[in-house]
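Report on the following structure.
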Amino acid sequence: NAGVTQTPKFRVLKTGQSMTLLCAQDMNHEYMYWYRQDPGMGLRLIHYSVGEGTTAKGEVPDGYNVSRLKKQNFLLGLESAAPSQTSVYFCASRYKGWGTGELFFGEGSRLTVL
Amino acid sequence: SQQGEEDPQALSIQEGENATMNCSYKTSINNLQWYRQNSGRGLVHLILIRSNEREKHSGRLRVTLDTSKKSSSLLITASRAADTASYFCATFNQAGTALIFGKGTTLSVSS
């Protein structure tokens with residue numbers, strides 16, 4: 001099993017460009033998450049999904065869109081990248097369950113916006 | 001806003017010493033989790049402690065939970081250089097759907 005796989009691992013964008021980060025999990029998890037990690041800020045939740053076809057906003061959703069068309073995939077889109085979106089992005093997933101269960105993380109996608 | 005806050009932000013110790021990290025949170029919880037992140041890698045789950053538990057052990061890890069003080073601590077005994085990493089506590093949001101992380105404690109263990 002590959003677990004949680006993120007692509008691409010590195011990307012450099014110019015301000016105003018768009019891109020999509022792909023997260024794929026092979027554990028049949030219901031819940032999937034996108035976090036961003038910045039120095040001194042820890043992990044902040046961007047968007048998440050509790051099942052195929054559903055999405056919800058997290059702590060810092062502005063400037064991002066997401067889609068969960070297939071259970072195993074969770075896409076994070078930047079329509080018009082800004083330097084403030086330079087960050088390391090982590091995808092995670094877990095089994096269904098209210099208020100419990102551990103998260104399984106991908107290895108991260110490092111994005112630089114110039 | 002972040003639910004959990006770790007303390008200290010950074011900790012440097014020698015191999016063989018114990019390392020203690022603390023986490024404070026704001027609202028009532030069902031459980032609290034600790035994760036480790038090695039440099040440049042994703043987070044890895046270490047341990048989960050439920051709200052009705054006061055202490056839990058896993059190998060060299062000992063986690064305590066004090067719900068009256070809304071705090072938890074992670075103790076790593078007999079630290080090794082390989083324990084060098086960032087450690088995060090996390091609790092679920094009120095809806096029970098998403099984990100919210102603190103800013104983490106960076107542990108450096110030197111040999």
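In the structure tokens, each chain is lettered A, B, ... as it comes, each chain's residues begin at 1, and ligands are numbered from 1 in order of appearance.
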Handout entry: Within 10 Å of segment 99-105 of chain B using only C-alpha atoms, minus same-chain residues under 2 positions, as a PyMOL selection string
Key = (chain A and resi 33+35+37-45+58-59+99-103) or (chain B and resi 1-11+20-25+32-37+85-94+96-97+107-108)
Handout entry: Nearby residues (only C-alpha atoms) at most 10 Å from Lys96 of chain A, same-chain spacing under 6 positions excluded, as a PyMOL selection string
Key = (chain A and resi 28-32+50-51) or (chain B and resi 97)
Which polymer residues have any atom within 10 Å of an atom of Ile46 of chain A, counting only C-alpha atoms, with same-chain residues fewer than 5 positions away left out, as a JSON list (two decimals) with N, CA and C atoms, in the first residue's frame?
[["chain", "number", "residue", "atom", "x", "y", "z"],
["A", 33, "TYR", "N", -8.16, 15.63, 4.01],
["A", 33, "TYR", "CA", -7.86, 16.98, 4.49],
["A", 33, "TYR", "C", -6.71, 17.59, 3.70],
["A", 34, "TRP", "N", -6.76, 18.92, 3.59],
["A", 34, "TRP", "CA", -5.62, 19.68, 3.11],
["A", 34, "TRP", "C", -5.21, 20.69, 4.18],
["A", 35, "TYR", "N", -3.91, 20.65, 4.55],
["A", 35, "TYR", "CA", -3.33, 21.58, 5.49],
["A", 35, "TYR", "C", -2.20, 22.33, 4.79],
["A", 36, "ARG", "N", -1.91, 23.50, 5.32],
["A", 36, "ARG", "CA", -0.69, 24.18, 4.92],
["A", 36, "ARG", "C", 0.17, 24.39, 6.16],
["A", 56, "ALA", "N", -15.74, 20.96, 2.74],
["A", 56, "ALA", "CA", -16.05, 21.94, 3.78],
["A", 56, "ALA", "C", -14.84, 22.82, 4.01],
["A", 57, "LYS", "N", -15.09, 24.04, 4.47],
["A", 57, "LYS", "CA", -14.01, 24.99, 4.70],
["A", 57, "LYS", "C", -13.36, 24.74, 6.05],
["A", 58, "GLY", "N", -12.06, 24.98, 6.07],
["A", 58, "GLY", "CA", -11.31, 24.89, 7.31],
["A", 58, "GLY", "C", -11.00, 26.27, 7.86],
["A", 59, "GLU", "N", -9.81, 26.40, 8.45],
["A", 59, "GLU", "CA", -9.42, 27.66, 9.10],
["A", 59, "GLU", "C", -9.00, 28.74, 8.11],
["A", 60, "VAL", "N", -8.35, 28.33, 7.01],
["A", 60, "VAL", "CA", -7.80, 29.31, 6.06],
["A", 60, "VAL", "C", -8.18, 28.93, 4.63],
["A", 61, "PRO", "N", -9.45, 29.00, 4.25],
["A", 61, "PRO", "CA", -9.89, 28.52, 2.94],
["A", 61, "PRO", "C", -9.74, 29.51, 1.78],
["A", 62, "ASP", "N", -9.55, 30.80, 2.10],
["A", 62, "ASP", "CA", -9.57, 31.82, 1.04],
["A", 62, "ASP", "C", -8.43, 31.62, 0.05],
["A", 63, "GLY", "N", -8.79, 31.70, -1.23],
["A", 63, "GLY", "CA", -7.79, 31.57, -2.29],
["A", 63, "GLY", "C", -7.61, 30.14, -2.78],
["A", 64, "TYR", "N", -8.35, 29.21, -2.18],
["A", 64, "TYR", "CA", -8.23, 27.80, -2.55],
["A", 64, "TYR", "C", -9.61, 27.22, -2.89],
["A", 65, "ASN", "N", -9.61, 26.24, -3.78],
["A", 65, "ASN", "CA", -10.83, 25.47, -4.02],
["A", 65, "ASN", "C", -10.46, 23.99, -4.00],
["A", 66, "VAL", "N", -11.43, 23.16, -3.72],
["A", 66, "VAL", "CA", -11.18, 21.72, -3.62],
["A", 66, "VAL", "C", -12.28, 20.95, -4.32],
["A", 76, "LEU", "N", -6.66, 20.00, -4.57],
["A", 76, "LEU", "CA", -6.59, 21.37, -4.05],
["A", 76, "LEU", "C", -6.17, 22.28, -5.18],
["A", 89, "TYR", "N", 2.30, 22.11, 1.59],
["A", 89, "TYR", "CA", 0.93, 21.63, 1.68],
["A", 89, "TYR", "C", 0.93, 20.14, 1.99],
["A", 90, "PHE", "N", 0.12, 19.78, 2.98],
["A", 90, "PHE", "CA", 0.01, 18.38, 3.37],
["A", 90, "PHE", "C", -1.42, 17.90, 3.19]]
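Atom pair atom CA of Tyr48 of chain A / atom CA of Ala98 of chain B has a distance of 7.5 Å (rounded to one decimal).
Candidate residues B:Ala81, B:Leu65, B:Ile76, B:Ile49 were compared for distance to chain A, and the nearest is B:Ile49, using only C-alpha atoms.
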Problem - Selected residue, from B:Asn31, B:Ser72, B:Ser110, B:Thr64, that lies nearest to chain A when counting only C-alpha atoms - result: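 Ranking B:Asn31, B:Ser72, B:Ser110, B:Thr64 by distance to chain A, first place goes to B:Asn31.
Among A:Thr15, A:Thr54, A:Ser109, A:Thr20, the residue with the shortest atom-to-atom distance to Gly77 of chain A, counting only C-alpha atoms, is A:Thr20.
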Handout entry: Which of chain B fall in strand (DSSP E), as a PyMOL selection string
Key = chain B and resi 4-7+10-14+19-25+31-37+43-50+55-58+61-66+71-76+85-92+99-101+105-110
Handout entry: Point-to-point distance from atom CA of Leu21 of chain A to atom CA of His47 of chain A, Å rounded to tenths
Key =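 Interatomic distance, atom CA of Leu21 of chain A to atom CA of His47 of chain A: 12.8 Å.
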Problem - Shortest interatomic distance to Gln72 of chain A - which of A:Thr112, A:Thr7, A:Ser93, A:Gln17, counting only C-alpha atoms - result: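 Using only C-alpha atoms, the shortest distance to Gln72 of chain A belongs to A:Ser93.
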Problem - Residues near Asp26 of chain A, cut-off 7 Å, only C-alpha atoms, skip fewer than 2 positions along chain, as JSON, numbers by chain - result: {"A": [1, 2, 3, 4, 24, 28, 72]}
Limited to N, CA, C and O atoms, could you put the picked residues into a file as a CSV table (one decimal), in the first residue's frame?
chain,number,residue,atom,x,y,z
A,1,ASN,N,0.8,-1.2,0.0
A,1,ASN,CA,0.0,0.0,0.0
A,1,ASN,C,0.9,1.2,0.0
A,1,ASN,O,1.8,1.4,0.7
A,2,ALA,N,0.5,2.2,-0.8
A,2,ALA,CA,1.3,3.5,-0.9
A,2,ALA,C,0.8,4.4,0.2
A,2,ALA,O,1.6,5.3,0.6
A,3,GLY,N,-0.4,4.3,0.8
A,3,GLY,CA,-0.8,5.2,1.8
A,3,GLY,C,-1.4,6.5,1.1
A,3,GLY,O,-2.3,6.4,0.3
A,4,VAL,N,-0.9,7.6,1.5
A,4,VAL,CA,-1.3,8.9,1.0
A,4,VAL,C,-0.2,9.4,0.1
A,4,VAL,O,1.0,9.6,0.5
A,24,ALA,N,-3.9,11.4,-3.4
A,24,ALA,CA,-4.5,10.1,-3.6
A,24,ALA,C,-4.3,9.2,-2.4
A,24,ALA,O,-3.1,9.1,-1.9
A,28,ASN,N,-9.0,3.5,1.5
A,28,ASN,CA,-10.5,3.5,1.5
A,28,ASN,C,-11.0,4.4,2.6
A,28,ASN,O,-12.1,4.1,3.2
A,72,GLN,N,-11.1,8.2,-3.5
A,72,GLN,CA,-9.7,8.1,-3.2
A,72,GLN,C,-8.9,9.4,-3.5
A,72,GLN,O,-7.7,9.5,-3.2
Problem - Who sits within 12 Å of Ala78 of chain B, only C-alpha atoms, same chain under 4 positions skipped, as a list in words - result: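 That gives Ile13, Gln14, Glu15, Gly16, Glu17, Asn18, Ala19, Thr20, Gly59, Arg60, Leu61, Arg62, Ala82, Asp83, Val109 and Ser111 of chain B.
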Keeping only N, CA, C and O atoms, write those residues as a PDB file, in the first residue's frame.
ATOM      1  N   ILE B  13      18.141  18.981  24.254  1.00  0.00           N
ATOM      2  CA  ILE B  13      18.609  18.115  25.339  1.00  0.00           C
ATOM      3  C   ILE B  13      19.714  17.202  24.832  1.00  0.00           C
ATOM      4  O   ILE B  13      19.978  17.125  23.623  1.00  0.00           O
ATOM      5  N   GLN B  14      20.347  16.503  25.772  1.00  0.00           N
ATOM      6  CA  GLN B  14      21.376  15.526  25.451  1.00  0.00           C
ATOM      7  C   GLN B  14      20.748  14.136  25.373  1.00  0.00           C
ATOM      8  O   GLN B  14      19.716  13.866  26.005  1.00  0.00           O
ATOM      9  N   GLU B  15      21.371  13.293  24.597  1.00  0.00           N
ATOM     10  CA  GLU B  15      20.921  11.895  24.533  1.00  0.00           C
ATOM     11  C   GLU B  15      20.864  11.304  25.921  1.00  0.00           C
ATOM     12  O   GLU B  15      21.747  11.554  26.752  1.00  0.00           O
ATOM     13  N   GLY B  16      19.839  10.530  26.167  1.00  0.00           N
ATOM     14  CA  GLY B  16      19.670   9.889  27.459  1.00  0.00           C
ATOM     15  C   GLY B  16      18.787  10.674  28.417  1.00  0.00           C
ATOM     16  O   GLY B  16      18.238  10.097  29.369  1.00  0.00           O
ATOM     17  N   GLU B  17      18.634  11.965  28.171  1.00  0.00           N
ATOM     18  CA  GLU B  17      17.770  12.781  29.025  1.00  0.00           C
ATOM     19  C   GLU B  17      16.309  12.589  28.620  1.00  0.00           C
ATOM     20  O   GLU B  17      16.004  12.087  27.555  1.00  0.00           O
ATOM     21  N   ASN B  18      15.432  13.007  29.518  1.00  0.00           N
ATOM     22  CA  ASN B  18      13.997  12.973  29.213  1.00  0.00           C
ATOM     23  C   ASN B  18      13.555  14.304  28.616  1.00  0.00           C
ATOM     24  O   ASN B  18      14.107  15.362  28.953  1.00  0.00           O
ATOM     25  N   ALA B  19      12.568  14.242  27.748  1.00  0.00           N
ATOM     26  CA  ALA B  19      12.019  15.445  27.133  1.00  0.00           C
ATOM     27  C   ALA B  19      10.535  15.529  27.454  1.00  0.00           C
ATOM     28  O   ALA B  19       9.807  14.547  27.268  1.00  0.00           O
ATOM     29  N   THR B  20      10.112  16.681  27.922  1.00  0.00           N
ATOM     30  CA  THR B  20       8.696  16.886  28.239  1.00  0.00           C
ATOM     31  C   THR B  20       8.154  18.057  27.439  1.00  0.00           C
ATOM     32  O   THR B  20       8.728  19.142  27.441  1.00  0.00           O
ATOM     33  N   GLY B  59       5.770   2.422  24.501  1.00  0.00           N
ATOM     34  CA  GLY B  59       7.232   2.369  24.446  1.00  0.00           C
ATOM     35  C   GLY B  59       7.853   3.395  25.365  1.00  0.00           C
ATOM     36  O   GLY B  59       7.572   3.420  26.565  1.00  0.00           O
ATOM     37  N   ARG B  60       8.685   4.286  24.821  1.00  0.00           N
ATOM     38  CA  ARG B  60       9.317   5.331  25.629  1.00  0.00           C
ATOM     39  C   ARG B  60       8.452   6.595  25.752  1.00  0.00           C
ATOM     40  O   ARG B  60       8.901   7.586  26.310  1.00  0.00           O
ATOM     41  N   LEU B  61       7.256   6.541  25.246  1.00  0.00           N
ATOM     42  CA  LEU B  61       6.360   7.691  25.315  1.00  0.00           C
ATOM     43  C   LEU B  61       5.373   7.533  26.462  1.00  0.00           C
ATOM     44  O   LEU B  61       4.841   6.456  26.708  1.00  0.00           O
ATOM     45  N   ARG B  62       5.166   8.650  27.166  1.00  0.00           N
ATOM     46  CA  ARG B  62       4.146   8.675  28.205  1.00  0.00           C
ATOM     47  C   ARG B  62       3.339   9.953  28.012  1.00  0.00           C
ATOM     48  O   ARG B  62       3.904  11.045  27.968  1.00  0.00           O
ATOM     49  N   ALA B  82      17.659  10.133  17.230  1.00  0.00           N
ATOM     50  CA  ALA B  82      16.585   9.883  16.268  1.00  0.00           C
ATOM     51  C   ALA B  82      15.251  10.479  16.701  1.00  0.00           C
ATOM     52  O   ALA B  82      14.308  10.554  15.900  1.00  0.00           O
ATOM     53  N   ASP B  83      15.147  10.929  17.948  1.00  0.00           N
ATOM     54  CA  ASP B  83      13.911  11.570  18.418  1.00  0.00           C
ATOM     55  C   ASP B  83      13.850  13.030  17.989  1.00  0.00           C
ATOM     56  O   ASP B  83      12.826  13.700  18.201  1.00  0.00           O
ATOM     57  N   VAL B 109      17.845  16.606  19.927  1.00  0.00           N
ATOM     58  CA  VAL B 109      18.576  15.719  20.824  1.00  0.00           C
ATOM     59  C   VAL B 109      19.979  15.540  20.281  1.00  0.00           C
ATOM     60  O   VAL B 109      20.167  15.026  19.178  1.00  0.00           O
ATOM     61  N   SER B 111      24.001  14.162  20.567  1.00  0.00           N
ATOM     62  CA  SER B 111      24.749  13.017  21.114  1.00  0.00           C
ATOM     63  C   SER B 111      26.062  13.468  21.727  1.00  0.00           C
ATOM     64  O   SER B 111      26.455  14.621  21.604  1.00  0.00           O
TER      65      SER B 111
END
